[in-house]
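See structure below.
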Amino acid sequence: RSPGDDVPSPSADEPGANRTALRRWVGGIGTLARRIAWAVVLLLLAVVCVRAYLSTQGPPLRPWQTLVPDEESADAIARGDWRTYVEAEDAMFDDLHRRMQKKLEPGDRTPLNRYYDASFTAPARYGRDWNRSFVLEPSSHPRGVVVLLHGLTDSPYSMRSIAQLFRTHGFVALVPRMPGHGTVPASLTHEGRKQWVAATDMAMREARRRANGGLPIHLVGYSNGAALALLHVTGRIERGEPAGVDRIVLLSPMIEVNAFARYAGLAGVPAFFTRYAKSAWLDLLPEFNAFKYNSFPVRAARESYLVTAALQASLRRVGEQRPM
């Protein structure tokens with residue numbers, strides 16, 4: 001016997017067998033993937049159905065959760081300036097007030113409902129409606145200009161104390177109202193990041209006009225307002241423009257949120273059907289705070305996530321332009 005007699009020769013069927021096994025393995029993976037996909041679809045469907053059912057429970061939506069003010073579009077804000085923005089804002093507030101008073105029912109006219117004029121929490125009872133955009137001027141010649149951006153569901157009132165502090169140091173303080181805020185929670189079911197970005201840019205144009213190239217400009221943002229402030233600066237850097245601010249102050253900045261927030265909009269899917277309109281809301285609460293919403297719509301969560309997503313992308317691009 002020769003030395004090679006004990007070594008088995010390759011089978012002619014072995015390549016075919018390997019290919020068959022590979023096809024079976026790939027087919028098994030494909031089947032598993034399809035099953036997982038169907039499981040995810042069924043799970044999402046179940047979540048939507050549960051949301052739809054839960055939205056039929058409890059009291060009905062109130063006027064401040066259904067009336068939507070006539071806010072300016074992002075394009076209109078971008079084309080205008082501070083004066084035109086404030087004029088449109090005043091007209092919108094007046095129209096909303098008339099519509100709201102017609103919609104209020106006897107049960108809505110309580111001492112703690114901010115939308116009832118005779119209540120203890122009506123904004124007008126504070127001498128000035130701090131829900132609206134405002135400017136604080138220093139008593140002497142300005143030493144600088146500052147723009148202050150409030151957070152999600154807040155109003156310009158939340159930046160009042162800081163604005164007053166800047167004024168005592170000789171700064172002109174500009175506090176714009178972000179569209180969808182300071183009016184009724186229902187406004188946040190329509191307004192979002194495009195209008196917020198446009199309002200931020202508009203306020204910064206006014207700051208530069210007042211600074212006239214000779215005064216420092218500061219930009220202060222809180223929470224969602226901080227994300228908008230930083231997005232404004234990084235956007236200018238991306239376009240090859242100067243940052244446009246001498247100092248930026250970020251208070252509890254909403255720089256990044258949980259990745260699952262991108263799916264927040266799914267919770268409001270049943271709201272496409274009138275019967276399930278309440279599913280468009282994550283919280284439905286009495287509105288007793290004169291300058292901040294208690295109710296919170298699904299869309300507001302989605303829009304704030306998109307602001308942070310745009311900011312993260314802008315930060316990456318700026319980092320690529322200016323490597324450390």
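We label chains A, B, ... in the order they appear in the structure tokens, count residues from 1 in each chain, and number ligands from 1 in the order shown.
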Mind dumping a table of every range 231-254 of chain A residue within 10 Å of range 151-162 of chain A, with the nearest atom pair and its distance in Å to one decimal, using only C-alpha atoms, sorted by chain and rising number, as CSV?
```
residue,atom,partner,partner_atom,distance
A:Leu251,CA,A:Gly151,CA,9.7
A:Ser252,CA,A:Gly151,CA,9.6
A:Pro253,CA,A:Gly151,CA,9.3
A:Met254,CA,A:Gly151,CA,9.2
```
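Within the 7 Å cut-off around Ala203 in chain A, using only C-alpha atoms and omitting residues fewer than 3 positions from it on the same chain, the listed residues are A:Trp82, A:Val147, A:Pro176, A:Ala199, A:Thr200, A:Glu206, A:Ala207.
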Only N, CA and C atoms, please: the residues just picked out, written as a tab-separated table (two decimals), in the first residue's frame.
```
chain	number	residue	atom	x	y	z
A	82	TRP	N	-37.75	92.68	14.39
A	82	TRP	CA	-38.32	92.66	15.75
A	82	TRP	C	-39.66	93.40	15.79
A	147	VAL	N	-29.45	88.79	24.16
A	147	VAL	CA	-30.67	88.08	23.76
A	147	VAL	C	-30.83	86.89	24.68
A	176	PRO	N	-37.22	87.36	23.22
A	176	PRO	CA	-38.27	86.98	22.27
A	176	PRO	C	-39.10	85.81	22.79
A	199	ALA	N	-37.19	82.66	14.83
A	199	ALA	CA	-37.34	83.68	15.86
A	199	ALA	C	-35.99	84.00	16.51
A	200	THR	N	-35.17	82.98	16.71
A	200	THR	CA	-33.83	83.20	17.27
A	200	THR	C	-33.00	84.07	16.34
A	206	GLU	N	-31.79	91.80	15.43
A	206	GLU	CA	-32.12	93.01	16.18
A	206	GLU	C	-31.00	93.38	17.14
A	207	ALA	N	-30.38	92.37	17.76
A	207	ALA	CA	-29.26	92.63	18.67
A	207	ALA	C	-28.10	93.26	17.92
```
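Distance-wise, CA of Tyr305 in chain A and CA of Ala39 in chain A end up 26.3 Å apart.
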Open item on the list: Using only C-alpha atoms, which protein or nucleic acid residues come within 10 Å of Ile217 in chain A? Drop anything in the same chain fewer than 4 positions from it, and give the result as a PyMOL selection string.
Closed with: chain A and resi 143-147+171-172+204+207-208+210-211+213+244-248
Write a file of the selected residues as a short mmCIF file (atom, residue, chain, number, x, y, z; two decimals), in the first residue's frame, keeping C-alpha atoms.
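Generated file (out-v3.cif):
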```cif
data_model
loop_
_atom_site.label_atom_id
_atom_site.label_comp_id
_atom_site.auth_asym_id
_atom_site.auth_seq_id
_atom_site.Cartn_x
_atom_site.Cartn_y
_atom_site.Cartn_z
CA ARG A 143 -22.84 98.98 27.34
CA GLY A 144 -23.99 95.92 25.39
CA VAL A 145 -26.92 93.90 24.05
CA VAL A 146 -28.12 90.51 25.24
CA VAL A 147 -30.67 88.08 23.76
CA PHE A 171 -27.23 95.94 28.67
CA VAL A 172 -30.25 96.18 26.40
CA MET A 204 -30.07 88.20 16.90
CA ALA A 207 -29.26 92.63 18.67
CA ARG A 208 -26.70 93.32 15.95
CA ARG A 210 -28.73 97.78 18.26
CA ALA A 211 -25.07 96.97 18.86
CA GLY A 213 -20.81 97.11 15.49
CA GLY A 244 -21.86 86.91 15.96
CA VAL A 245 -21.68 86.82 19.77
CA ASP A 246 -19.02 87.84 22.24
CA ARG A 247 -20.28 85.53 24.96
CA ILE A 248 -22.76 82.66 25.06
#
```
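For the choices A:Ala21, A:Ala227, A:Val135, A:Leu67, the atom-to-atom distance to Arg177 in chain A is smallest for A:Val135 when using only C-alpha atoms.
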Task: Long-range neighbours of range 113-118 of chain A as number ranges by chain, 8 Å cut-off, only C-alpha atoms, 6 positions minimum in chain - done: A: 64, 100-101, 104, 124, 286-290
Convert the current residue selection to file output with N, CA and C atoms, as a compact mmCIF listing (two decimals), in the first residue's frame.
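Saved the output as again.txt:
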```txt
# COMPACT_ATOMS: atom_id res chain seq x y z
N TRP A 64 -58.29 75.60 25.60
CA TRP A 64 -56.86 75.90 25.47
C TRP A 64 -56.06 74.72 24.92
N MET A 100 -61.00 82.79 22.79
CA MET A 100 -61.01 82.01 24.03
C MET A 100 -62.20 82.37 24.91
N GLN A 101 -62.48 83.67 25.05
CA GLN A 101 -63.59 84.07 25.92
C GLN A 101 -64.92 83.55 25.42
N LEU A 104 -65.00 79.61 26.46
CA LEU A 104 -65.01 79.19 27.85
C LEU A 104 -66.43 78.83 28.31
N ALA A 124 -52.85 89.12 32.85
CA ALA A 124 -53.07 90.56 32.89
C ALA A 124 -53.09 91.10 34.32
N PRO A 286 -54.74 70.91 34.38
CA PRO A 286 -55.30 72.27 34.52
C PRO A 286 -54.22 73.32 34.29
N GLU A 287 -54.60 74.45 33.70
CA GLU A 287 -53.64 75.51 33.40
C GLU A 287 -53.77 76.63 34.43
N PHE A 288 -53.10 76.44 35.56
CA PHE A 288 -53.16 77.45 36.64
C PHE A 288 -51.90 78.31 36.71
N ASN A 289 -50.87 77.97 35.92
CA ASN A 289 -49.64 78.75 35.90
C ASN A 289 -49.77 79.85 34.84
N ALA A 290 -49.62 81.11 35.26
CA ALA A 290 -49.85 82.23 34.35
C ALA A 290 -48.84 82.30 33.22
```
Task: Selection near His169 in chain A, 8 Å with only C-alpha atoms, sequence-local residues under 3 positions removed, as JSON, numbers by chain - done: {"A": [138, 143, 165, 166]}
Open item on the list: Taking only range 91-265 of chain A into account, list the residues labelled strand (DSSP E or B) by DSSP (computed from the backbone), as a list in words.
Closed with: Phe134, Val135, Leu136, Gly144, Val145, Val146, Val147, Leu148, Leu149, Phe171, Val172, Ala173, Leu174, Val175, Ile217, His218, Leu219, Val220, Gly221, Tyr222, Arg247, Ile248, Val249, Leu250 and Leu251 of chain A
Distance query Val68 in chain A at most 8 Å, only C-alpha atoms, self and fewer than 2 positions along chain excluded, as an mmCIF file with C-alpha atoms, in the first residue's frame:
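What ended up in out_23.cif:
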```
data_model
loop_
_atom_site.group_PDB
_atom_site.id
_atom_site.type_symbol
_atom_site.label_atom_id
_atom_site.label_comp_id
_atom_site.auth_asym_id
_atom_site.auth_seq_id
_atom_site.Cartn_x
_atom_site.Cartn_y
_atom_site.Cartn_z
ATOM 1 C CA THR A 66 -58.011 72.795 20.941
ATOM 2 C CA ASP A 70 -52.590 82.195 14.103
ATOM 3 C CA VAL A 184 -52.196 78.114 24.783
ATOM 4 C CA ALA A 186 -52.542 73.750 21.689
ATOM 5 C CA SER A 187 -50.160 76.064 19.850
ATOM 6 C CA HIS A 190 -48.518 73.143 15.326
#
```
TODO: Just the alpha helix (DSSP H) stuff from range 127-306 of chain A, please, per backbone DSSP, written as JSON, numbers by chain.
DONE: {"A": [160, 161, 162, 163, 164, 165, 166, 167, 168, 193, 194, 195, 196, 197, 198, 199, 200, 201, 202, 203, 204, 205, 206, 207, 208, 209, 210, 211, 224, 225, 226, 227, 228, 229, 230, 231, 232, 233, 234, 235, 236, 237, 238, 298, 299, 300, 301, 302, 303, 304, 305, 306]}
